[in-house]
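Listing of model_21.txt, compact mmCIF, C-alpha atoms
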```txt
# COMPACT_ATOMS: atom_id res chain seq x y z
CA MET S 1 187.98 322.29 45.40
CA ASN S 2 190.96 324.27 46.59
CA LEU S 3 191.22 324.07 50.34
CA LEU S 4 192.17 327.69 50.78
CA SER S 5 189.04 328.76 48.93
CA ILE S 6 187.01 327.87 52.01
CA PHE S 7 188.07 331.23 53.44
CA ASN S 8 186.14 333.04 50.76
CA GLN S 9 182.96 331.08 51.35
CA VAL S 10 182.77 330.25 55.05
CA GLU S 11 182.90 333.05 57.57
CA ILE S 12 184.43 332.57 60.99
CA SER S 13 180.98 333.19 62.47
CA HIS S 14 179.74 329.91 60.98
CA TYR S 15 182.44 328.04 62.86
CA ILE S 16 181.51 329.99 65.98
CA TYR S 17 177.86 328.92 65.61
CA LEU S 18 178.83 325.30 64.94
CA SER S 19 181.07 325.01 67.98
CA THR S 20 178.58 326.82 70.19
CA VAL S 21 175.93 324.31 69.16
CA LEU S 22 178.32 321.45 69.89
CA PHE S 23 179.23 322.92 73.26
CA SER S 24 175.56 323.36 74.17
CA ILE S 25 174.78 319.77 73.21
CA GLY S 26 177.61 318.64 75.48
CA LEU S 27 176.33 320.86 78.28
CA PHE S 28 172.84 319.45 77.87
CA GLY S 29 174.25 315.93 78.10
CA VAL S 30 176.21 316.70 81.25
CA LEU S 31 173.09 318.12 82.89
CA PHE S 32 170.64 315.52 81.65
CA ARG S 33 172.35 312.13 81.70
CA ARG S 34 173.14 310.14 84.80
CA ASN S 35 175.53 307.51 83.51
CA ALA S 36 179.02 308.66 84.47
CA ILE S 37 180.58 307.34 81.27
CA ILE S 38 178.18 309.40 79.18
CA LEU S 39 179.01 312.42 81.32
CA LEU S 40 182.72 311.98 80.57
CA MET S 41 181.91 311.62 76.88
CA CYS S 42 179.88 314.82 76.93
CA ILE S 43 182.84 316.60 78.52
CA GLU S 44 185.00 315.31 75.66
CA LEU S 45 182.40 316.71 73.26
CA MET S 46 182.59 320.14 74.89
CA LEU S 47 186.40 320.06 74.75
CA ASN S 48 186.21 319.21 71.07
CA ALA S 49 183.89 322.14 70.42
CA VAL S 50 186.48 324.42 72.00
CA ASN S 51 189.23 322.75 69.96
CA LEU S 52 187.32 323.38 66.75
CA LEU S 53 186.90 327.05 67.63
CA PHE S 54 190.60 327.40 68.52
CA THR S 55 191.57 325.85 65.19
CA ALA S 56 189.15 328.05 63.25
CA PHE S 57 190.48 331.23 64.81
CA SER S 58 194.06 330.07 64.40
CA THR S 59 193.59 329.38 60.71
CA TYR S 60 191.66 332.54 59.97
CA MET S 61 194.13 334.78 61.76
CA GLY S 62 197.20 333.00 60.42
CA ASP S 63 198.61 332.36 63.87
CA ALA S 64 199.84 328.91 64.88
CA ASP S 65 199.44 329.47 68.63
CA GLY S 66 195.80 328.38 68.60
CA GLN S 67 196.69 325.00 67.17
CA ILE S 68 199.35 324.55 69.87
CA PHE S 69 196.65 325.20 72.44
CA VAL S 70 194.49 322.53 70.82
CA PHE S 71 197.44 320.20 71.24
CA PHE S 72 197.60 320.97 74.97
CA ILE S 73 193.84 320.59 75.36
CA MET S 74 194.10 317.13 73.81
CA VAL S 75 196.81 316.24 76.34
CA VAL S 76 194.69 317.41 79.24
CA ALA S 77 191.65 315.57 77.84
CA ALA S 78 193.62 312.33 77.61
CA ALA S 79 194.85 312.67 81.21
CA GLU S 80 191.34 313.57 82.37
CA ALA S 81 189.81 310.58 80.61
CA ALA S 82 192.36 308.19 82.13
CA VAL S 83 191.92 309.43 85.69
CA GLY S 84 188.14 309.82 85.31
CA LEU S 85 187.71 306.29 84.04
CA ALA S 86 189.93 304.95 86.85
CA ILE S 87 187.72 306.71 89.40
CA LEU S 88 184.67 305.34 87.58
CA VAL S 89 185.99 301.78 87.80
CA LEU S 90 186.63 302.32 91.51
CA VAL S 91 183.09 303.64 92.06
CA TYR S 92 181.65 300.72 90.10
CA ARG S 93 183.68 298.24 92.15
CA ASN S 94 182.24 299.67 95.36
CA THR S 95 178.65 300.36 94.36
CA ARG S 96 178.00 298.14 91.29
CA LYS S 97 176.59 301.19 89.52
CA THR S 98 177.85 304.04 87.40
CA ASP S 99 174.95 306.28 88.31
CA VAL S 100 176.20 309.67 89.41
CA SER S 101 173.09 310.42 91.44
CA PHE S 102 174.18 307.59 93.72
CA LEU S 103 177.31 309.51 94.65
CA ASP S 104 175.47 311.85 97.00
CA GLN S 105 176.23 309.26 99.67
CA LEU S 106 179.88 310.31 99.68
CA LYS S 107 181.03 311.43 103.09
CA GLY S 108 183.55 314.17 102.92
CA MET Q 1 172.23 332.76 55.71
CA PHE Q 2 173.15 329.19 54.80
CA GLN Q 3 172.66 329.27 51.03
CA ASN Q 4 176.10 330.56 50.13
CA LEU Q 5 178.01 328.00 52.16
CA PRO Q 6 179.97 325.30 50.33
CA ILE Q 7 178.37 321.87 50.30
CA PRO Q 8 181.22 320.00 52.11
CA PHE Q 9 181.02 322.37 55.06
CA LEU Q 10 177.24 322.04 55.27
CA ILE Q 11 177.27 318.25 55.10
CA LEU Q 12 180.06 317.98 57.66
CA SER Q 13 178.39 320.36 60.08
CA PHE Q 14 175.07 318.56 59.72
CA LEU Q 15 176.71 315.19 60.40
CA THR Q 16 178.64 316.60 63.37
CA ILE Q 17 175.57 318.04 65.06
CA LEU Q 18 173.43 315.00 64.29
CA SER Q 19 175.91 312.48 65.65
CA SER Q 20 176.64 314.55 68.76
CA LEU Q 21 172.90 314.72 69.41
CA TYR Q 22 172.83 310.94 69.13
CA VAL Q 23 175.67 310.72 71.68
CA VAL Q 24 173.52 312.58 74.18
CA THR Q 25 170.18 310.95 73.50
CA SER Q 26 171.09 307.32 72.87
CA LYS Q 27 170.03 304.89 75.58
CA ASN Q 28 172.74 302.35 74.84
CA PRO Q 29 176.19 303.57 75.98
CA VAL Q 30 177.99 301.59 73.27
CA HIS Q 31 175.98 303.40 70.59
CA SER Q 32 176.95 306.66 72.29
CA VAL Q 33 180.64 305.78 72.13
CA LEU Q 34 180.40 304.83 68.45
CA ALA Q 35 178.50 308.04 67.67
CA LEU Q 36 181.15 310.03 69.51
CA ILE Q 37 183.89 308.36 67.45
CA PHE Q 38 181.96 309.36 64.33
CA THR Q 39 181.72 312.92 65.68
CA PHE Q 40 185.48 312.99 66.12
CA PHE Q 41 185.94 311.83 62.55
CA THR Q 42 183.75 314.66 61.27
CA ILE Q 43 185.63 317.16 63.44
CA SER Q 44 188.86 315.85 61.94
CA ALA Q 45 187.38 316.50 58.50
CA HIS Q 46 186.64 320.04 59.68
CA TYR Q 47 190.30 320.37 60.62
CA VAL Q 48 191.29 319.31 57.11
CA LEU Q 49 188.92 321.94 55.71
CA LEU Q 50 190.59 324.47 57.98
CA ASN Q 51 194.09 323.57 56.71
CA ALA Q 52 195.09 322.07 60.07
CA GLN Q 53 196.30 318.76 58.71
CA PHE Q 54 198.51 317.85 61.65
CA LEU Q 55 195.69 318.42 64.11
CA ALA Q 56 193.35 316.31 61.98
CA VAL Q 57 195.69 313.33 62.19
CA VAL Q 58 196.44 313.87 65.89
CA ASN Q 59 192.72 314.18 66.61
CA LEU Q 60 192.08 310.84 64.94
CA ILE Q 61 194.96 309.10 66.70
CA VAL Q 62 194.46 310.54 70.18
CA TYR Q 63 190.70 310.85 70.41
CA ALA Q 64 189.24 308.21 68.13
CA GLY Q 65 192.19 305.88 68.56
CA ALA Q 66 193.15 306.11 72.22
CA ILE Q 67 190.55 307.83 74.36
CA MET Q 68 187.46 306.28 72.82
CA VAL Q 69 189.01 302.82 72.87
CA LEU Q 70 189.62 303.39 76.58
CA PHE Q 71 185.96 304.32 77.01
CA LEU Q 72 184.84 301.28 75.04
CA PHE Q 73 187.10 299.02 77.08
CA VAL Q 74 185.75 300.30 80.39
CA LEU Q 75 182.19 300.05 79.10
CA MET Q 76 182.58 296.44 78.04
CA LEU Q 77 184.73 295.47 81.02
CA LEU Q 78 182.09 296.73 83.43
CA ASN Q 79 179.38 295.08 81.34
CA LEU Q 80 177.39 298.29 81.02
CA SER Q 81 176.45 297.85 77.40
CA LYS Q 82 172.79 297.28 78.07
CA GLU Q 83 170.32 299.96 78.97
CA THR Q 84 170.57 300.18 82.72
CA GLU Q 85 170.22 303.88 83.19
CA PRO Q 86 167.17 305.00 85.16
CA VAL Q 87 165.25 307.65 83.31
CA LYS Q 88 165.30 311.09 84.79
CA SER Q 89 162.01 312.88 85.13
CA ASN Q 90 160.89 315.27 82.41
CA TRP Q 91 161.59 318.23 84.62
CA TRP Q 92 165.30 317.44 84.50
CA GLY Q 93 165.16 317.36 80.73
CA ILE Q 94 163.31 320.65 80.52
CA ALA Q 95 165.68 322.33 82.98
CA ALA Q 96 168.74 321.00 81.16
CA ALA Q 97 167.32 322.07 77.80
CA ILE Q 98 166.57 325.57 79.10
CA THR Q 99 170.07 325.89 80.55
CA ALA Q 100 171.83 324.65 77.43
CA GLY Q 101 169.54 326.72 75.20
CA SER Q 102 170.20 329.93 77.10
CA MET Q 103 173.92 329.14 76.98
CA LEU Q 104 173.62 328.77 73.21
CA LEU Q 105 171.66 332.00 72.90
CA ILE Q 106 173.97 334.08 75.08
CA VAL Q 107 177.22 332.86 73.54
CA THR Q 108 175.85 333.28 70.02
CA ALA Q 109 174.74 336.81 70.82
CA ALA Q 110 178.09 337.61 72.39
CA PHE Q 111 179.97 336.31 69.35
CA GLN Q 112 177.87 338.31 66.88
CA VAL Q 113 180.31 341.18 67.19
CA THR Q 114 183.46 339.06 67.22
CA GLY Q 115 182.76 337.32 63.93
CA GLU Q 116 183.16 340.46 61.88
CA ALA Q 117 186.13 341.70 63.89
CA VAL Q 118 188.45 338.86 62.88
CA ALA Q 119 190.76 339.78 60.04
CA LYS Q 120 191.32 337.07 57.48
CA ASN Q 121 194.99 336.37 57.17
CA PRO Q 122 195.49 333.00 55.52
CA VAL Q 123 199.03 331.71 55.80
CA GLU Q 124 200.12 328.76 53.69
CA GLY Q 125 201.27 325.66 55.55
CA ILE Q 126 200.43 326.83 59.05
CA GLY Q 127 198.91 323.50 60.08
CA LEU Q 128 201.82 321.35 59.00
CA VAL Q 129 204.26 319.66 61.34
CA LYS Q 130 207.12 321.96 60.39
CA ALA Q 131 205.39 325.19 61.36
CA LEU Q 132 203.73 323.78 64.47
CA GLY Q 133 206.92 322.11 65.70
CA LYS Q 134 208.82 325.36 65.42
CA VAL Q 135 206.31 327.12 67.65
CA LEU Q 136 205.90 324.20 70.04
CA PHE Q 137 209.59 323.72 70.71
CA THR Q 138 210.56 327.37 70.97
CA ARG Q 139 207.88 329.52 72.56
CA PHE Q 140 205.87 326.74 74.18
CA VAL Q 141 208.67 324.48 75.31
CA VAL Q 142 208.03 325.00 79.04
CA PRO Q 143 204.30 324.12 78.84
CA PHE Q 144 205.30 321.18 76.67
CA GLU Q 145 207.57 319.83 79.40
CA LEU Q 146 204.89 320.51 82.00
CA THR Q 147 202.41 318.39 80.06
CA GLY Q 148 204.91 315.55 80.35
CA ILE Q 149 204.79 315.90 84.15
CA LEU Q 150 200.99 316.08 83.97
CA PHE Q 151 200.91 312.86 81.98
CA LEU Q 152 203.19 311.15 84.48
CA ALA Q 153 200.97 312.27 87.35
CA ALA Q 154 197.83 311.13 85.51
CA MET Q 155 199.40 307.75 84.74
CA VAL Q 156 200.49 307.18 88.33
CA GLY Q 157 197.08 308.31 89.57
CA ALA Q 158 195.20 306.05 87.19
CA VAL Q 159 197.32 303.01 88.07
CA LEU Q 160 197.00 303.74 91.78
CA LEU Q 161 193.23 304.14 91.54
CA GLY Q 162 192.77 301.09 89.39
CA LYS Q 163 194.83 298.80 91.59
CA ARG Q 164 192.71 296.25 93.39
CA GLU Q 165 193.10 296.55 97.14
CA LYS Q 166 192.72 293.73 99.58
CA ASN Q 167 189.79 293.93 102.00
CA ASN Q 168 188.09 296.33 99.69
CA ALA Q 169 185.32 298.13 101.52
CA VAL Q 170 182.09 297.38 99.70
CA LEU Q 171 179.29 299.83 100.23
CA ILE Q 172 176.68 297.69 98.50
CA PRO Q 173 176.64 293.89 98.62
CA LYS Q 174 177.25 292.26 95.30
CA GLU Q 175 173.90 290.52 95.04
CA GLU Q 176 172.00 293.80 95.15
CA GLY Q 177 171.71 294.88 91.55
CA GLY Q 178 175.03 293.35 90.62
CA ASN Q 179 175.36 291.29 87.51
CA SER Q 180 178.75 289.68 87.93
```
As structure tokens, how would this structure be written, given the file I've shared?
Amino acid sequence: MNLLSIFNQVEISHYIYLSTVLFSIGLFGVLFRRNAIILLMCIELMLNAVNLLFTAFSTYMGDADGQIFVFFIMVVAAAEAAVGLAILVLVYRNTRKTDVSFLDQLKG
Amino acid sequence: MFQNLPIPFLILSFLTILSSLYVVTSKNPVHSVLALIFTFFTISAHYVLLNAQFLAVVNLIVYAGAIMVLFLFVLMLLNLSKETEPVKSNWWGIAAAITAGSMLLIVTAAFQVTGEAVAKNPVEGIGLVKALGKVLFTRFVVPFELTGILFLAAMVGAVLLGKREKNNAVLIPKEEGGNS
């Protein structure tokens, strides 16, 4: 199957639906789960949904800027995961839990 | 609506949605991480279908290779691999489902118009390193340098946060619910 022939068969709206579904699943996970690691993973899922949409638009419009933005989003996601997991380790060291509902005891 | 779609796209989309649902619903965090890695693989396959070959490889290396290994390391280092999460009440699930469902509905409705407005303009070789590097190092060179500073800040922050302090203030004594 020729790769370029996917343009003639798949509309951009199908990619829009797919990434919206992925984003909503990630949103559901962020709202529903309590384990902080799963929350970070759901955020990664939402970022990937956005990445997929950026790439789809970039390819369909023939403009490379969207793929550069995906590149930057990946960079930010990597930095976010590193700092988030460091904070998570710190929270676990202090409370012996990774439950986010426990964090309402933070005094600010 | 779905009959005319090519089989590879359908299978990939089905696998993507199924594995991301498993990420959210699985009780065991290690299973969630593995399902998320699988989701990233299917998204990389989507990138290949979309002629974004460079992004497909970078997605595999950065996400499945680096970030998820970091997650897995933290998960196993903290010994969280068993099912310790307290179950939220059903009301939380219903509220979260309603919120995510209305998000899905609204965004889908908003994009109904956009889908037809996009002109198809396929350009050969747009996702290859040559084309992307040209754009990245000419028009986007300042953001590119800024991401380097961001990475440095994130690295310093992560090391600083992860460093073990002396006389660490412990909110909860270790014997209460601790397993190490």
Worksheet item: Quick one, how far is CA of Cys42 (chain S) from CA of Val30 (chain S)?
Response: 6.0 Å
Need to verify the contact set: region 65-78 of chain Q, 8 Å, all atoms listed in the file, exclusion of same-chain residues closer than 2 positions in sequence. Can you return it as a short mmCIF file (atom, residue, chain, number, x, y, z; two decimals) with C-alpha atoms, keeping the file's coordinate frame?
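Written out: around_30.cif:
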```
data_model
loop_
_atom_site.label_atom_id
_atom_site.label_comp_id
_atom_site.auth_asym_id
_atom_site.auth_seq_id
_atom_site.Cartn_x
_atom_site.Cartn_y
_atom_site.Cartn_z
CA ILE S 37 180.58 307.34 81.27
CA ALA S 78 193.62 312.33 77.61
CA ALA S 81 189.81 310.58 80.61
CA ALA S 82 192.36 308.19 82.13
CA LEU S 85 187.71 306.29 84.04
CA VAL S 89 185.99 301.78 87.80
CA TYR S 92 181.65 300.72 90.10
CA PRO Q 29 176.19 303.57 75.98
CA VAL Q 30 177.99 301.59 73.27
CA VAL Q 33 180.64 305.78 72.13
CA ILE Q 37 183.89 308.36 67.45
CA LEU Q 60 192.08 310.84 64.94
CA ILE Q 61 194.96 309.10 66.70
CA VAL Q 62 194.46 310.54 70.18
CA TYR Q 63 190.70 310.85 70.41
CA LEU Q 80 177.39 298.29 81.02
CA SER Q 81 176.45 297.85 77.40
#
```
Item to complete: Measuring atom to atom with only C-alpha atoms, identify which of Q:Asn79, Q:Thr147, Q:Ser44, Q:Thr39 is nearest to Val57 (chain Q).
Response: Q:Ser44
Item to complete: Using only C-alpha atoms, pick whichever of S:Asn48, S:Asn94, S:Ser19, S:Ser58 has the shortest atom-to-atom distance to chain Q.
Response: S:Asn94
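Rounded to one decimal, CA of Gly148 (chain Q) and CA of Asp63 (chain S) lie 24.4 Å from each other.
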Item to complete: With a distance cut-off of 10 Å and only C-alpha atoms, select the neighbouring residues of Gly62 (chain S), excluding the residue or stretch itself and same-chain residues fewer than 4 positions from it, and output the selection as JSON, numbers by chain.
Response: {"S": [56, 57, 58, 66], "Q": [119, 120, 121, 122, 123, 124, 125, 126, 127]}
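For the atom pair formed by CA of Asn51 (chain Q) and CA of Pro8 (chain Q), the distance is 14.1 Å, given to one decimal.
Remark: for Phe102 (chain S), the closest of the candidate residues S:Ala36, S:Leu18, S:Ile25, S:Ile87 is S:Ala36 (distances computed over all atoms listed in the file).
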List the neighbours of Ala49 (chain S) out to 12 Å using all atoms listed in the file; skip same-chain residues closer than 3 positions along the sequence, and give me the result as a tab-separated table (two decimals) with C-alpha atoms, in the frame of the given file.
```
chain	number	residue	atom	x	y	z
S	15	TYR	CA	182.44	328.04	62.86
S	16	ILE	CA	181.51	329.99	65.98
S	17	TYR	CA	177.86	328.92	65.61
S	18	LEU	CA	178.83	325.30	64.94
S	19	SER	CA	181.07	325.01	67.98
S	20	THR	CA	178.58	326.82	70.19
S	21	VAL	CA	175.93	324.31	69.16
S	22	LEU	CA	178.32	321.45	69.89
S	23	PHE	CA	179.23	322.92	73.26
S	24	SER	CA	175.56	323.36	74.17
S	25	ILE	CA	174.78	319.77	73.21
S	26	GLY	CA	177.61	318.64	75.48
S	27	LEU	CA	176.33	320.86	78.28
S	42	CYS	CA	179.88	314.82	76.93
S	43	ILE	CA	182.84	316.60	78.52
S	44	GLU	CA	185.00	315.31	75.66
S	45	LEU	CA	182.40	316.71	73.26
S	46	MET	CA	182.59	320.14	74.89
S	52	LEU	CA	187.32	323.38	66.75
S	53	LEU	CA	186.90	327.05	67.63
S	54	PHE	CA	190.60	327.40	68.52
S	55	THR	CA	191.57	325.85	65.19
S	56	ALA	CA	189.15	328.05	63.25
S	70	VAL	CA	194.49	322.53	70.82
S	73	ILE	CA	193.84	320.59	75.36
S	74	MET	CA	194.10	317.13	73.81
Q	13	SER	CA	178.39	320.36	60.08
Q	16	THR	CA	178.64	316.60	63.37
Q	17	ILE	CA	175.57	318.04	65.06
Q	20	SER	CA	176.64	314.55	68.76
Q	39	THR	CA	181.72	312.92	65.68
Q	40	PHE	CA	185.48	312.99	66.12
Q	42	THR	CA	183.75	314.66	61.27
Q	43	ILE	CA	185.63	317.16	63.44
Q	44	SER	CA	188.86	315.85	61.94
Q	46	HIS	CA	186.64	320.04	59.68
Q	47	TYR	CA	190.30	320.37	60.62
```
Only N, CA and C atoms needed: put region 52-66 of chain Q from the block into a file as a compact mmCIF listing (two decimals), in the first residue's frame.
```
# COMPACT_ATOMS: atom_id res chain seq x y z
N ALA Q 52 5.24 10.98 8.61
CA ALA Q 52 6.11 11.74 9.52
C ALA Q 52 7.11 10.77 10.11
N GLN Q 53 8.03 10.32 9.28
CA GLN Q 53 8.92 9.22 9.70
C GLN Q 53 9.85 9.64 10.82
N PHE Q 54 10.36 10.87 10.74
CA PHE Q 54 11.28 11.34 11.78
C PHE Q 54 10.58 11.38 13.13
N LEU Q 55 9.34 11.90 13.14
CA LEU Q 55 8.60 11.97 14.39
C LEU Q 55 8.30 10.58 14.93
N ALA Q 56 8.06 9.62 14.05
CA ALA Q 56 7.79 8.26 14.51
C ALA Q 56 8.97 7.71 15.29
N VAL Q 57 10.17 7.91 14.74
CA VAL Q 57 11.37 7.40 15.41
C VAL Q 57 11.62 8.15 16.70
N VAL Q 58 11.47 9.50 16.65
CA VAL Q 58 11.71 10.30 17.85
C VAL Q 58 10.71 9.95 18.94
N ASN Q 59 9.45 9.71 18.52
CA ASN Q 59 8.43 9.33 19.49
C ASN Q 59 8.81 8.04 20.20
N LEU Q 60 9.29 7.08 19.43
CA LEU Q 60 9.70 5.81 20.04
C LEU Q 60 10.86 6.02 21.00
N ILE Q 61 11.87 6.80 20.55
CA ILE Q 61 13.07 6.94 21.38
C ILE Q 61 12.76 7.74 22.64
N VAL Q 62 12.08 8.89 22.47
CA VAL Q 62 11.88 9.78 23.61
C VAL Q 62 10.80 9.24 24.55
N TYR Q 63 9.65 8.90 23.99
CA TYR Q 63 8.55 8.49 24.87
C TYR Q 63 8.72 7.06 25.37
N ALA Q 64 8.71 6.12 24.43
CA ALA Q 64 8.76 4.72 24.85
C ALA Q 64 10.12 4.38 25.43
N GLY Q 65 11.17 5.06 24.94
CA GLY Q 65 12.50 4.69 25.39
C GLY Q 65 12.94 5.39 26.65
N ALA Q 66 12.65 6.70 26.77
CA ALA Q 66 13.19 7.46 27.90
C ALA Q 66 12.14 7.72 28.97
```
